[in-house]
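Asker: Below are the structure tokens for one structure; questions will follow.
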Amino acid sequence: MTTFDKQFMSRALSLAKQGRFTTSPNPNVGCVIVRNGEVVGKGFHWKAGEAHAEIHALQMAGQKANGATAYVTLEPCSHYGKTPPCADALIRAGIRRVVVAMLDPNPQVAGRGLLKLQQAGIEVLHGLLMDEAEQLNQGFLKRMRTGFPYVQLKLAASLDGRTALASGESKWITSPVARQDVQSFRARASAILTTSATVLADNPALNVRSTDFTRELQNIYPKECLRQPIRIVLDSENQVKPEHIITKSDGECWLIRPNPISQNWCGDVEQIAIPTYKKGIDLVLLMMELAKRNINSVWVESGPTLAGALLTLGLVDELVVYIAPKILGGTAKELINIPALQKLKDAPAFEFINIELIGPDLRLTLRPL
């Protein structure tokens, strides 16, 4: 593979990123078609059920696709789903060479797309900028490989690690800029997870609000294209009621209950039966069920109890922590509740992935070790 290959694959990756808010549960994919060193077609996947990246690029290239090279960020599909196989379309168009960033772990594809292309006499290469391609689809890839979604735990605290005053007052610890930043994370998630305790205390909407986007985000993700992540509430005691905002906002709301009951809802509400384990919903079974329901990624906004439980069970893939330059004092509420540690070596450990100043606050991104 050449420097030119890397250059064109980089462009395909940039295209793929444009679908990060809308493709769920499908992966983000970009495609660039090049003939004689010139880009003749390009495209990205926008939404499940609509044309894939390769099809958009082939439509733009037209007859110029014949004899060209296609750069695709994920292995072209080889099966009939909601759309026909992209591998067949590349073959029919006369593509001579296909460069792929990574194989698709979806069992329906998993190398079959590349094999079909090779059997048609097309030169196939893969593995170019694979790490960058992995980063684009962490949720999809984890779901396909493990049967669990990618879980991001969002936390916000003062310098002394507190989330609210003893009275419960917490609005607002972080700045408007930080809360605006949270909207971009929500918008990328397949689902937002919280608890009935949070619903009862704050009555949040937990939705994506385009009015809270940065101007840059509003330009690339217009209001008319808005996709609302599924709002999921752990409600082991059936405390969430039809009058709560989270059940009435646009989009779906899933209530996780051991014993669902008949209620009249104004919004799009589904009750999902998941048994309890110890003092709450069985979180492992929940995550497996969410993956079965094509949830790629879960953005968690809750209190210290759920945060601690997810961390203790090893279900968190990424921590996103906003630190405000404030001190709330020893009587204020804790950030995370985990069982008491007897030895320091037993403390959960993390590595920093990114540290960034968001307005006056600090955003820390960490991964469990």
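Residue numbering restarts at 1 in every chain; chains get A, B, ... in the order shown in the structure tokens, and ligands count up from 1 in that same order.
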Would you mind listing what lies within 8 Å of region 181-197 of chain A as a PyMOL selection string, with only C-alpha atoms counted and same-chain residues fewer than 6 positions away left out?
Answerer: chain A and resi 20-22+24-25+206-209+212-213+217+227-235+239-240+295-303+306+358
Asker: Check which residues of region 170-239 of chain A sit at most 8 Å from region 322-333 of chain A using only C-alpha atoms, and return one row each with the closest pair of atoms and their distance in Å to one decimal, ordered by chain and rising number, as a tab-separated table.
Answerer:
```
residue	atom	partner	partner_atom	distance
A:Ile173	CA	A:Ala324	CA	6.4
A:Thr174	CA	A:Ala324	CA	5.3
A:Ser175	CA	A:Ala324	CA	7.6
A:Ala178	CA	A:Tyr322	CA	7.4
```
Asker: Could those residues be written to a file, using N, CA and C atoms, as a CSV table (one decimal), in the first residue's frame?
Answerer:
```
chain,number,residue,atom,x,y,z
A,173,ILE,N,-23.3,22.4,38.7
A,173,ILE,CA,-21.9,22.3,39.2
A,173,ILE,C,-21.0,22.7,38.0
A,174,THR,N,-21.3,22.2,36.8
A,174,THR,CA,-20.4,22.5,35.7
A,174,THR,C,-21.1,23.6,34.9
A,175,SER,N,-20.3,24.1,33.9
A,175,SER,CA,-20.7,25.3,33.2
A,175,SER,C,-21.6,25.0,32.0
A,178,ALA,N,-19.8,23.0,29.3
A,178,ALA,CA,-19.7,21.6,29.6
A,178,ALA,C,-21.0,20.9,29.3
```
Asker: Extract the full set of alpha helix (DSSP H) residues from region 9-121 of chain A according to DSSP on the backbone, and format it as number ranges by chain.
Answerer: A: 9-17, 53-61, 86-92, 112-119
Asker: Tell me, in Å to one decimal, how far CA of Gln63 (chain A) is from CA of Leu114 (chain A).
Answerer: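 These atoms are spaced 22.5 Å apart.
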Asker: DSSP says strand (DSSP E) for which residues of region 88-266 of chain A? Put them as number ranges by chain?
Answerer: A: 97-100, 123-126, 150-157, 162-164, 191-195, 230-234, 252-257
Asker: Next, dump the selected residues to file, keeping only N, CA, C and O atoms, as a tab-separated table (two decimals), in the first residue's frame.
Answerer:
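Listing of again_12.tsv after writing:
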```tsv
chain	number	residue	atom	x	y	z
A	97	ARG	N	-9.83	-2.54	-7.91
A	97	ARG	CA	-9.06	-2.73	-6.67
A	97	ARG	C	-9.86	-2.17	-5.50
A	97	ARG	O	-10.47	-1.10	-5.61
A	98	VAL	N	-9.86	-2.88	-4.36
A	98	VAL	CA	-10.57	-2.43	-3.17
A	98	VAL	C	-9.61	-2.44	-1.99
A	98	VAL	O	-8.98	-3.47	-1.70
A	99	VAL	N	-9.50	-1.31	-1.33
A	99	VAL	CA	-8.67	-1.18	-0.13
A	99	VAL	C	-9.61	-0.94	1.05
A	99	VAL	O	-10.41	0.00	1.04
A	100	VAL	N	-9.52	-1.79	2.05
A	100	VAL	CA	-10.44	-1.76	3.19
A	100	VAL	C	-9.65	-1.52	4.48
A	100	VAL	O	-8.58	-2.11	4.67
A	123	GLU	N	-8.52	-7.05	-6.94
A	123	GLU	CA	-7.41	-7.01	-5.98
A	123	GLU	C	-7.94	-6.43	-4.67
A	123	GLU	O	-8.58	-5.37	-4.66
A	124	VAL	N	-7.67	-7.11	-3.57
A	124	VAL	CA	-8.20	-6.69	-2.27
A	124	VAL	C	-7.07	-6.54	-1.26
A	124	VAL	O	-6.22	-7.43	-1.12
A	125	LEU	N	-7.07	-5.42	-0.56
A	125	LEU	CA	-6.11	-5.17	0.51
A	125	LEU	C	-6.88	-4.70	1.74
A	125	LEU	O	-7.89	-3.99	1.61
A	126	HIS	N	-6.43	-5.07	2.92
A	126	HIS	CA	-7.12	-4.59	4.13
A	126	HIS	C	-6.12	-4.35	5.26
A	126	HIS	O	-5.00	-4.86	5.24
A	150	TYR	N	-21.09	-0.85	24.08
A	150	TYR	CA	-19.99	-0.02	24.59
A	150	TYR	C	-20.59	0.99	25.57
A	150	TYR	O	-21.49	1.74	25.21
A	151	VAL	N	-20.10	0.99	26.80
A	151	VAL	CA	-20.70	1.80	27.86
A	151	VAL	C	-19.79	2.96	28.23
A	151	VAL	O	-18.63	2.77	28.61
A	152	GLN	N	-20.33	4.17	28.10
A	152	GLN	CA	-19.64	5.39	28.52
A	152	GLN	C	-20.34	5.93	29.77
A	152	GLN	O	-21.54	6.20	29.74
A	153	LEU	N	-19.60	6.06	30.84
A	153	LEU	CA	-20.14	6.57	32.09
A	153	LEU	C	-19.76	8.03	32.25
A	153	LEU	O	-18.58	8.37	32.36
A	154	LYS	N	-20.77	8.90	32.22
A	154	LYS	CA	-20.54	10.33	32.38
A	154	LYS	C	-20.67	10.72	33.85
A	154	LYS	O	-21.63	10.34	34.53
A	155	LEU	N	-19.69	11.47	34.33
A	155	LEU	CA	-19.69	11.95	35.71
A	155	LEU	C	-19.36	13.44	35.71
A	155	LEU	O	-18.63	13.92	34.83
A	156	ALA	N	-19.90	14.16	36.67
A	156	ALA	CA	-19.58	15.58	36.82
A	156	ALA	C	-19.38	15.86	38.31
A	156	ALA	O	-20.21	15.45	39.14
A	157	ALA	N	-18.29	16.54	38.64
A	157	ALA	CA	-17.98	16.73	40.05
A	157	ALA	C	-17.18	18.00	40.27
A	157	ALA	O	-16.66	18.61	39.34
A	162	ARG	N	-17.18	15.90	44.50
A	162	ARG	CA	-18.56	15.90	44.99
A	162	ARG	C	-19.52	16.30	43.87
A	162	ARG	O	-19.17	17.08	42.98
A	163	THR	N	-20.73	15.75	43.95
A	163	THR	CA	-21.69	15.95	42.85
A	163	THR	C	-22.86	16.84	43.21
A	163	THR	O	-23.56	17.31	42.33
A	164	ALA	N	-23.11	17.03	44.49
A	164	ALA	CA	-24.25	17.85	44.93
A	164	ALA	C	-24.06	18.20	46.40
A	164	ALA	O	-23.35	17.51	47.13
A	191	ALA	N	-28.26	4.82	23.15
A	191	ALA	CA	-29.20	4.92	24.26
A	191	ALA	C	-28.59	5.70	25.40
A	191	ALA	O	-27.36	5.77	25.54
A	192	ILE	N	-29.45	6.27	26.23
A	192	ILE	CA	-29.04	6.99	27.44
A	192	ILE	C	-29.65	6.25	28.63
A	192	ILE	O	-30.86	6.02	28.66
A	193	LEU	N	-28.80	5.88	29.58
A	193	LEU	CA	-29.25	5.07	30.71
A	193	LEU	C	-29.24	5.89	32.00
A	193	LEU	O	-28.27	6.59	32.30
A	194	THR	N	-30.32	5.77	32.76
A	194	THR	CA	-30.40	6.42	34.07
A	194	THR	C	-31.21	5.54	35.00
A	194	THR	O	-31.55	4.40	34.67
A	195	THR	N	-31.54	6.07	36.18
A	195	THR	CA	-32.31	5.31	37.17
A	195	THR	C	-33.58	6.06	37.56
A	195	THR	O	-33.70	7.27	37.36
A	230	ILE	N	-32.51	6.16	22.52
A	230	ILE	CA	-33.53	5.53	23.37
A	230	ILE	C	-33.19	5.84	24.83
A	230	ILE	O	-32.06	5.69	25.26
A	231	ARG	N	-34.17	6.30	25.57
A	231	ARG	CA	-33.97	6.60	26.99
A	231	ARG	C	-34.34	5.36	27.81
A	231	ARG	O	-35.46	4.85	27.68
A	232	ILE	N	-33.40	4.90	28.62
A	232	ILE	CA	-33.59	3.67	29.38
A	232	ILE	C	-33.53	4.00	30.87
A	232	ILE	O	-32.58	4.63	31.33
A	233	VAL	N	-34.55	3.56	31.60
A	233	VAL	CA	-34.63	3.86	33.03
A	233	VAL	C	-34.69	2.56	33.82
A	233	VAL	O	-35.57	1.73	33.59
A	234	LEU	N	-33.77	2.40	34.76
A	234	LEU	CA	-33.83	1.27	35.69
A	234	LEU	C	-34.89	1.59	36.74
A	234	LEU	O	-34.74	2.54	37.51
A	252	GLU	N	-38.15	6.95	21.92
A	252	GLU	CA	-38.55	5.81	22.73
A	252	GLU	C	-38.02	5.92	24.16
A	252	GLU	O	-36.94	6.47	24.40
A	253	CYS	N	-38.78	5.35	25.08
A	253	CYS	CA	-38.36	5.24	26.48
A	253	CYS	C	-38.60	3.80	26.92
A	253	CYS	O	-39.72	3.28	26.80
A	254	TRP	N	-37.55	3.15	27.39
A	254	TRP	CA	-37.65	1.77	27.87
A	254	TRP	C	-37.54	1.78	29.39
A	254	TRP	O	-36.55	2.28	29.96
A	255	LEU	N	-38.52	1.21	30.05
A	255	LEU	CA	-38.49	1.07	31.50
A	255	LEU	C	-38.09	-0.36	31.84
A	255	LEU	O	-38.75	-1.31	31.42
A	256	ILE	N	-37.01	-0.49	32.58
A	256	ILE	CA	-36.50	-1.81	32.94
A	256	ILE	C	-37.06	-2.18	34.30
A	256	ILE	O	-36.72	-1.56	35.32
A	257	ARG	N	-37.92	-3.18	34.31
A	257	ARG	CA	-38.64	-3.56	35.52
A	257	ARG	C	-38.67	-5.08	35.69
A	257	ARG	O	-38.89	-5.79	34.70
```
Asker: Tell me which protein, DNA and RNA residues are within 12 Å of Gln59 (chain A), counting only C-alpha atoms, leaving out same-chain ones fewer than 4 positions away, and put them as a PyMOL selection string.
Answerer: chain A and resi 31-33+40-44+51-55+63-65+89-90+93
Asker: Separation of CA of Gly308 (chain A) and CA of Ile246 (chain A), in Å?
Answerer: 23.2 Å
Asker: Which residues are close to Pro275 (chain A), i.e. within 8 Å by only C-alpha atoms, leaving aside same-chain residues fewer than 5 positions away? Reply as a list in words.
Answerer: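 Everything that qualifies: Arg257, Pro258, Ile281 and Asp282 of chain A.
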Asker: Could you jot down the CA of Pro368 (chain A) to CA of Met130 (chain A) separation for me, Å, one decimal place?
Answerer: 22.1 Å
Asker: Neighbours of Leu115 (chain A) within 12 Å (only C-alpha atoms; same-chain residues fewer than 5 positions away dropped), as a list of chain:residue names?
Answerer: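 Contacts, with the query itself left out: A:Glu75, A:Pro76, A:Cys77, A:Ser78, A:Ala87, A:Asp88, A:Ile91, A:Val98, A:Leu103, A:Val109, A:Ala110, A:Ala120, A:Gly121, A:Ile122, A:Glu123, A:Val124, A:Leu125, A:His126.
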Asker: Which of these residues is nearest to Thr73 (chain A), using only C-alpha atoms: A:Thr23, A:Asn337, A:Gln119, A:Gly127?
Answerer: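 The shortest atom-to-atom distance to Thr73 (chain A) comes from A:Gly127.
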